[in-house]
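To be precise, the following lines are final_31.tsv, and they hold TSV, C-alpha atoms.
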```tsv
chain	number	residue	atom	x	y	z
A	9	MET	CA	7.05	41.01	31.49
A	10	ARG	CA	5.25	37.63	31.53
A	11	ILE	CA	3.70	36.52	28.24
A	12	THR	CA	1.72	33.45	27.26
A	13	ALA	CA	3.29	31.91	24.18
A	14	TYR	CA	1.44	29.45	21.95
A	15	LYS	CA	3.16	26.91	19.72
A	16	TYR	CA	1.44	25.92	16.47
A	17	GLN	CA	2.60	23.94	13.45
A	18	ALA	CA	1.34	23.69	9.88
A	19	THR	CA	2.70	20.68	7.97
A	20	GLY	CA	5.81	20.79	10.14
A	21	ASN	CA	6.45	24.52	9.72
A	22	ASP	CA	6.31	25.61	13.37
A	23	PHE	CA	5.63	28.98	14.96
A	24	ILE	CA	5.44	30.83	18.25
A	25	ILE	CA	2.28	32.96	18.41
A	26	LEU	CA	1.63	35.82	20.83
A	27	ASP	CA	-1.75	37.48	21.32
A	28	ASN	CA	-0.91	41.18	21.08
A	29	ARG	CA	-4.35	42.67	20.56
A	30	ASP	CA	-3.82	44.86	23.61
A	31	GLY	CA	-0.50	46.13	22.18
A	32	SER	CA	1.51	45.18	25.26
A	33	VAL	CA	4.12	42.94	23.62
A	34	THR	CA	7.45	44.51	22.71
A	35	LEU	CA	10.27	42.17	21.77
A	36	THR	CA	13.75	42.93	20.50
A	37	GLU	CA	15.35	41.15	17.56
A	38	ASP	CA	17.61	39.25	19.99
A	39	GLN	CA	14.64	38.15	22.12
A	40	ILE	CA	12.77	36.81	19.09
A	41	LYS	CA	15.90	35.01	17.89
A	42	TYR	CA	16.34	33.51	21.37
A	43	LEU	CA	12.73	32.31	21.60
A	44	CYS	CA	12.98	30.67	18.16
A	45	HIS	CA	16.28	28.94	18.98
A	46	ARG	CA	15.84	25.16	19.11
A	47	ARG	CA	18.41	24.65	21.88
A	48	PHE	CA	18.02	27.69	24.12
A	49	GLY	CA	14.43	28.80	23.45
A	50	ILE	CA	11.05	27.35	22.58
A	51	GLY	CA	12.17	26.54	19.07
A	52	ALA	CA	10.36	27.63	15.90
A	53	ASP	CA	10.76	28.63	12.25
A	54	GLY	CA	9.24	32.00	13.10
A	55	LEU	CA	7.26	34.11	15.56
A	56	MET	CA	3.96	35.89	14.93
A	57	LEU	CA	1.95	38.58	16.65
A	58	LEU	CA	-1.84	38.60	16.46
A	59	ASN	CA	-2.43	42.35	16.44
A	60	LYS	CA	-5.62	44.38	16.52
A	61	SER	CA	-6.80	45.97	13.27
A	62	LYS	CA	-9.04	49.02	12.87
A	63	LYS	CA	-10.63	47.83	9.63
A	64	HIS	CA	-10.34	44.04	9.69
A	65	SER	CA	-10.52	41.04	12.02
A	66	PHE	CA	-6.84	41.28	12.98
A	67	SER	CA	-3.39	41.90	11.56
A	68	MET	CA	-0.44	39.54	11.25
A	69	ILE	CA	3.14	40.50	12.05
A	70	TYR	CA	5.67	37.83	11.13
A	71	TYR	CA	9.29	37.49	12.27
A	72	ASN	CA	11.78	34.99	10.90
A	73	ALA	CA	13.82	32.78	13.23
A	74	ASP	CA	16.74	35.21	12.83
A	75	GLY	CA	14.67	37.83	14.69
A	76	LYS	CA	14.08	40.06	11.68
A	77	GLU	CA	10.62	40.99	10.44
A	78	GLY	CA	9.77	38.82	7.47
A	79	SER	CA	7.52	38.84	4.45
A	80	MET	CA	4.32	36.82	4.10
A	81	CYS	CA	4.32	33.25	5.41
A	82	GLY	CA	1.54	31.01	4.07
A	83	ASN	CA	1.83	28.29	6.70
A	84	GLY	CA	2.12	31.01	9.32
A	85	GLY	CA	-1.08	32.59	8.03
A	86	ARG	CA	-2.96	29.30	8.33
A	87	SER	CA	-1.57	28.82	11.85
A	88	LEU	CA	-2.57	32.33	12.87
A	89	VAL	CA	-6.10	31.83	11.53
A	90	THR	CA	-6.35	28.62	13.56
A	91	PHE	CA	-5.10	30.46	16.65
A	92	ALA	CA	-7.61	33.26	16.03
A	93	ALA	CA	-10.40	30.69	15.74
A	94	HIS	CA	-9.32	29.14	19.03
A	95	LYS	CA	-9.50	32.63	20.55
A	96	GLY	CA	-13.12	32.99	19.45
A	97	ILE	CA	-12.63	35.11	16.32
A	98	LYS	CA	-15.28	34.18	13.75
A	99	LYS	CA	-14.27	36.16	10.66
A	100	PHE	CA	-10.86	35.82	9.03
A	101	ASP	CA	-9.94	38.86	7.00
A	102	PHE	CA	-6.53	40.08	8.09
A	103	GLU	CA	-3.72	42.40	7.12
A	104	ALA	CA	-0.21	41.09	6.47
A	105	MET	CA	3.02	42.43	5.03
A	106	ASP	CA	1.83	41.81	1.46
A	107	GLY	CA	-1.71	43.13	1.88
A	108	LEU	CA	-5.16	41.84	2.81
A	109	HIS	CA	-5.91	38.12	3.12
A	110	TYR	CA	-9.14	36.17	3.52
A	111	ALA	CA	-9.44	32.68	4.97
A	112	GLU	CA	-12.11	30.13	5.78
A	113	LEU	CA	-12.19	27.08	8.02
A	114	VAL	CA	-12.68	23.83	6.12
A	115	SER	CA	-12.83	21.97	9.44
A	116	TYR	CA	-12.48	22.90	13.11
A	117	THR	CA	-11.55	21.14	16.36
A	118	SER	CA	-10.16	22.49	19.62
A	119	SER	CA	-6.69	21.25	18.63
A	120	ALA	CA	-6.51	21.69	14.85
A	121	CYS	CA	-8.16	23.28	11.83
A	122	VAL	CA	-7.95	22.83	8.10
A	123	VAL	CA	-7.68	26.33	6.66
A	124	LYS	CA	-8.19	27.59	3.12
A	125	LEU	CA	-6.11	30.77	2.89
A	126	GLY	CA	-6.39	33.33	0.11
A	127	MET	CA	-2.99	34.40	-1.20
A	128	THR	CA	-2.00	37.53	-3.11
A	129	ASP	CA	-2.35	37.62	-6.90
A	130	VAL	CA	0.69	36.88	-9.03
A	131	ASN	CA	1.28	39.06	-12.10
A	132	GLU	CA	4.76	38.02	-13.18
A	133	VAL	CA	6.59	34.71	-13.53
A	134	LYS	CA	10.14	35.09	-14.83
A	135	GLU	CA	11.77	32.17	-16.59
A	136	TYR	CA	15.23	32.04	-15.01
A	137	SER	CA	16.19	29.01	-17.13
A	138	PRO	CA	14.16	26.39	-19.07
A	139	LYS	CA	13.42	24.57	-15.80
A	140	SER	CA	13.54	27.30	-13.17
A	141	TYR	CA	11.25	30.24	-12.45
A	142	GLN	CA	11.34	33.35	-10.31
A	143	LEU	CA	8.18	34.84	-8.78
A	144	ASN	CA	6.74	36.48	-5.68
A	145	THR	CA	3.78	34.94	-3.81
A	146	GLY	CA	4.00	37.31	-0.85
A	147	SER	CA	7.64	36.28	-0.44
A	148	PRO	CA	10.30	35.98	-3.18
A	149	HIS	CA	10.86	32.48	-4.54
A	150	LEU	CA	13.05	30.63	-7.00
A	151	VAL	CA	11.52	27.35	-8.20
A	152	ILE	CA	13.86	24.74	-9.70
A	153	PHE	CA	12.60	21.49	-11.23
A	154	VAL	CA	14.87	18.52	-10.48
A	155	GLU	CA	14.84	14.77	-11.15
A	156	ASN	CA	15.30	13.20	-7.71
A	157	VAL	CA	14.22	15.65	-5.04
A	158	LYS	CA	14.31	13.03	-2.27
A	159	ASP	CA	18.10	12.70	-2.48
A	160	TYR	CA	18.78	16.30	-3.51
A	161	ASP	CA	21.23	18.34	-1.41
A	162	VAL	CA	18.73	21.05	-0.53
A	163	LEU	CA	20.92	22.64	2.14
A	164	GLU	CA	23.97	23.12	-0.07
A	165	GLN	CA	22.13	24.08	-3.26
A	166	GLY	CA	19.57	26.16	-1.40
A	167	LYS	CA	22.27	28.19	0.30
A	168	LEU	CA	24.04	28.71	-3.03
A	169	TRP	CA	20.94	30.17	-4.71
A	170	ARG	CA	19.69	32.04	-1.64
A	171	TYR	CA	22.89	34.12	-1.60
A	172	HIS	CA	23.37	34.26	-5.39
A	173	PRO	CA	24.29	37.75	-6.71
A	174	HIS	CA	21.21	37.64	-8.95
A	175	PHE	CA	19.10	37.94	-5.77
A	176	PRO	CA	20.61	40.88	-3.84
A	177	GLU	CA	17.91	40.73	-1.14
A	178	GLY	CA	18.01	36.95	-1.00
A	179	THR	CA	15.35	34.48	-2.04
A	180	ASN	CA	13.63	31.33	-0.87
A	181	VAL	CA	14.53	28.31	-3.00
A	182	ASN	CA	12.19	25.44	-3.90
A	183	PHE	CA	13.27	22.16	-5.46
A	184	VAL	CA	10.40	20.42	-7.23
A	185	GLN	CA	9.88	16.98	-8.69
A	186	GLY	CA	6.91	15.92	-10.78
A	187	SER	CA	5.84	12.43	-11.76
A	188	TRP	CA	7.61	12.59	-15.12
A	189	GLY	CA	11.16	11.93	-16.30
A	190	ARG	CA	13.69	14.53	-17.32
A	191	PHE	CA	12.81	14.47	-21.03
A	192	ASN	CA	9.14	13.62	-20.69
A	193	ILE	CA	7.51	16.82	-19.45
A	194	PRO	CA	3.78	16.45	-20.18
A	195	LYS	CA	1.56	19.11	-21.66
A	196	PHE	CA	-1.01	20.72	-19.42
A	197	GLU	CA	-4.31	18.80	-19.22
A	198	GLU	CA	-7.22	20.97	-18.10
A	199	GLY	CA	-9.20	19.47	-15.20
A	200	GLN	CA	-6.41	17.09	-14.25
A	201	ASP	CA	-4.88	17.57	-10.79
A	202	GLN	CA	-1.11	17.82	-10.85
A	203	LYS	CA	0.94	16.18	-8.10
A	204	ILE	CA	4.42	17.33	-7.18
A	205	THR	CA	6.91	16.99	-4.34
A	206	VAL	CA	8.52	20.16	-2.99
A	207	ARG	CA	11.46	20.79	-0.67
A	208	THR	CA	12.24	24.38	0.37
A	209	TYR	CA	15.27	26.25	1.68
A	210	GLU	CA	13.88	29.26	3.56
A	211	ARG	CA	15.45	32.67	3.77
A	212	GLY	CA	15.53	33.89	7.39
A	213	VAL	CA	15.49	30.34	8.74
A	214	GLU	CA	18.62	29.63	6.66
A	215	ASP	CA	17.81	25.95	6.45
A	216	GLU	CA	15.38	23.53	4.88
A	217	THR	CA	11.96	23.61	6.53
A	218	TYR	CA	9.38	20.84	6.61
A	219	SER	CA	7.18	22.90	4.31
A	220	CYS	CA	6.70	26.48	3.12
A	221	GLY	CA	3.25	27.81	2.21
A	222	THR	CA	4.34	30.59	-0.13
A	223	GLY	CA	6.91	28.14	-1.53
A	224	VAL	CA	4.42	25.45	-2.51
A	225	THR	CA	2.19	28.18	-3.94
A	226	ALA	CA	5.08	29.44	-6.06
A	227	SER	CA	5.90	25.87	-7.09
A	228	ALA	CA	2.33	25.18	-8.23
A	229	ILE	CA	2.27	28.33	-10.36
A	230	ALA	CA	5.73	27.61	-11.80
A	231	LEU	CA	4.52	24.10	-12.66
A	232	HIS	CA	1.61	25.58	-14.61
A	233	LYS	CA	4.02	27.85	-16.45
A	234	LEU	CA	6.21	24.86	-17.30
A	235	LEU	CA	3.39	22.57	-18.43
A	236	THR	CA	1.72	25.17	-20.64
A	237	ARG	CA	4.81	25.29	-22.81
A	238	ASN	CA	5.64	22.77	-25.49
A	239	LYS	CA	7.99	20.15	-24.01
A	240	PHE	CA	10.56	20.57	-26.77
A	241	SER	CA	10.43	24.17	-27.99
A	242	TYR	CA	8.96	25.71	-24.81
A	243	SER	CA	6.52	27.64	-27.00
A	244	LYS	CA	3.19	28.43	-25.37
A	245	VAL	CA	0.41	25.85	-25.62
A	246	ASP	CA	-3.12	26.97	-26.58
A	247	ILE	CA	-5.30	26.75	-23.47
A	248	LYS	CA	-8.71	27.99	-22.41
A	249	ILE	CA	-8.88	31.23	-20.43
A	250	PRO	CA	-9.89	31.67	-17.67
A	251	GLN	CA	-8.90	28.32	-16.29
A	252	THR	CA	-9.05	26.87	-12.78
A	253	VAL	CA	-6.15	24.68	-11.70
A	254	ARG	CA	-5.72	22.46	-8.64
A	255	ASN	CA	-2.44	20.99	-7.40
A	256	ILE	CA	-1.59	18.46	-4.70
A	257	ILE	CA	1.81	19.14	-3.14
A	258	GLU	CA	3.73	16.70	-0.99
A	259	THR	CA	6.21	18.16	1.51
A	260	LYS	CA	8.29	16.70	4.33
A	261	GLY	CA	5.57	17.81	6.74
A	262	GLY	CA	2.58	16.51	4.82
A	263	GLU	CA	0.22	17.33	1.98
A	264	LEU	CA	-1.03	20.75	0.88
A	265	GLU	CA	-3.40	21.86	-1.84
A	266	VAL	CA	-2.99	24.91	-4.07
A	267	GLU	CA	-5.67	26.11	-6.46
A	268	PHE	CA	-5.83	29.20	-8.64
A	269	THR	CA	-7.43	30.75	-11.70
A	270	TYR	CA	-5.19	31.52	-14.65
A	271	THR	CA	-6.43	34.53	-16.66
A	272	GLY	CA	-3.73	34.78	-19.31
A	273	GLU	CA	-0.13	35.88	-19.71
A	274	ASP	CA	1.40	35.65	-16.21
A	275	ASN	CA	-1.79	36.54	-14.33
A	276	TYR	CA	-2.88	34.18	-11.56
A	277	ARG	CA	-5.95	35.05	-9.47
A	278	ASP	CA	-8.03	33.56	-6.64
A	279	ILE	CA	-5.02	31.68	-5.29
A	280	LYS	CA	-5.92	29.45	-2.35
A	281	LEU	CA	-3.59	27.47	-0.07
A	282	THR	CA	-5.33	24.71	1.90
A	283	GLY	CA	-3.95	22.52	4.65
A	284	PRO	CA	-3.97	21.70	8.37
A	285	ALA	CA	-2.67	23.79	11.26
A	286	THR	CA	-2.34	22.31	14.74
A	287	TYR	CA	-2.02	23.59	18.31
A	288	VAL	CA	1.05	22.04	19.99
A	289	PHE	CA	1.35	23.62	23.46
A	290	SER	CA	1.35	26.88	25.39
A	291	CYS	CA	3.65	28.21	28.09
A	292	VAL	CA	4.37	31.36	30.06
A	293	ILE	CA	7.65	33.13	29.34
A	294	ASP	CA	9.49	35.99	31.03
A	295	CYS	CA	10.79	38.68	28.68
```
Represent the structure from my file as structure tokens, please.
Amino acid sequence: MRITAYKYQATGNDFIILDNRDGSVTLTEDQIKYLCHRRFGIGADGLMLLNKSKKHSFSMIYYNADGKEGSMCGNGGRSLVTFAAHKGIKKFDFEAMDGLHYAELVSYTSSACVVKLGMTDVNEVKEYSPKSYQLNTGSPHLVIFVENVKDYDVLEQGKLWRYHPHFPEGTNVNFVQGSWGRFNIPKFEEGQDQKITVRTYERGVEDETYSCGTGVTASAIALHKLLTRNKFSYSKVDIKIPQTVRNIIETKGGELEVEFTYTGEDNYRDIKLTGPATYVFSCVIDC
């Protein structure tokens, strides 16, 4: 079987995309793993199928680089929307593992788009420790705030937490640094954009990736949780509800924006992930 494969990347998170709207593509776990291999295949953090949907514009099937079907991938979603736009699709409501998503094009060219992707609501943020939080943004994440993320051993520490007994199904791990010192965590200031740097160890890739869409989303929400607590007692700070928050996140692969509306307790709504996605190349493969 000969298939046209398309390579896309979103802030360095790279993917193989196959147009499967006719339902003809059938790949085994080993074949997907081979195609994603950076020495023997095309090389990618994951593989996606653009499938037909009866009710919506299309559906998204995502596989990790280990060949196993994965949970939601935010950067993958933005890449798939860009691919769909390049294929002539005009409306971007699509089904994924975690439910229905909506997206819009902020900008469009024949090689790249900036996509604003709607993410699933978050209803629970668990405080794992005073500076680490556990939540699900379509994929499970642990967010840990550290002092010097640039020199942090993400591979070693990420692997340790990814396989920790507390997470029997595994978790993605994000290491986050803000612009404050260890004992100078600021209180939340409404209307003020927060800027953080995030590095992520991804489950399924089993390595650090250049960026992770669901990871930066989780990090932005965890940051809000951290900043709306008193910096000494960690008691909750009085804030207006509902409240719209915007974050600028720096990753190895570039800058992303996360915005959301906080409606009280651990409820986060209207979550949007915005950033670029770029066509890299296409090729024909034999499977």
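For the atom pair formed by CA of Asn72 (chain A) and CA of Gly54 (chain A), the distance is 4.5 Å, given to one decimal.
Reported to one decimal place, the separation of CA of Gly223 (chain A) from CA of Phe183 (chain A) is 9.6 Å.
Between Glu267 (chain A) and the residues A:His149, A:Lys139, A:Lys124, A:His172, the shortest atom-to-atom distance, using all atoms listed in the file, involves A:Lys124.
Checking A:Leu43, A:Val162, A:Leu150, A:Ile249 one by one against His174 (chain A), counting all atoms listed in the file, you find the shortest gap at A:Leu150.
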### Task
Considering all atoms listed in the file, return as a ChimeraX atom specification whatever protein or nucleic-acid residues lie within 8 Å of region 111-113 of chain A, sequence-local ones (same chain, fewer than 6 positions apart) excluded.
/A:89,100-101,121-126
Written file, previous selection with C-alpha atoms, as a compact mmCIF listing (two decimals), in the frame of the given file:
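Written out: part_18.txt:
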```txt
# COMPACT_ATOMS: atom_id res chain seq x y z
CA VAL A 89 -6.10 31.83 11.53
CA PHE A 100 -10.86 35.82 9.03
CA ASP A 101 -9.94 38.86 7.00
CA CYS A 121 -8.16 23.28 11.83
CA VAL A 122 -7.95 22.83 8.10
CA VAL A 123 -7.68 26.33 6.66
CA LYS A 124 -8.19 27.59 3.12
CA LEU A 125 -6.11 30.77 2.89
CA GLY A 126 -6.39 33.33 0.11
```
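Using all atoms listed in the file, the nearest neighbour of Thr208 (chain A) within the list A:Met9, A:Cys291, A:Ile279, A:Ile152 is A:Ile152.
If you look at CA of Thr90 (chain A) and CA of Ala285 (chain A), they are 6.5 Å away from each other.
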### Close residues, Val181 (chain A) itself excluded, 12 Å, all atoms listed in the file, min 4 positions apart in chain, as JSON, numbers by chain
{"A": [140, 141, 142, 143, 144, 147, 148, 149, 150, 151, 152, 153, 162, 163, 164, 165, 166, 167, 168, 169, 170, 171, 172, 175, 206, 207, 208, 209, 210, 211, 212, 213, 214, 215, 216, 217, 219, 220, 222, 223, 224, 226, 227]}
#### Entry: Nearby residues (only C-alpha atoms) at most 7 Å from Gly261 (chain A), same-chain spacing under 3 positions excluded, as a ChimeraX atom specification
/A:19-20,218-219
Grab the residues selected above and save them as a PDB file, in the coordinates of the input with C-alpha atoms.
```pdb
ATOM      1  CA  THR A  19       2.700  20.680   7.970  1.00  0.00           C
ATOM      2  CA  GLY A  20       5.810  20.790  10.140  1.00  0.00           C
ATOM      3  CA  TYR A 218       9.380  20.840   6.610  1.00  0.00           C
ATOM      4  CA  SER A 219       7.180  22.900   4.310  1.00  0.00           C
TER       5      SER A 219
END
```
#### Entry: Contacts of Leu108 (chain A) within 12 Å, only C-alpha atoms, excl. fewer than 5 positions in-chain, as a ChimeraX atom specification
/A:61,63-68,80,85,100-103,125-129,146
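For the residues A:Gly272, A:Gly84, A:Gly78, A:Gly107, ranking by smallest atom-to-atom distance to Val133 (chain A) using only C-alpha atoms places A:Gly272 first.
Minimum distance to Phe268 (chain A) across A:Val154, A:Ile40, A:Leu57, A:Ile229 (counting all atoms listed in the file) occurs at A:Ile229.
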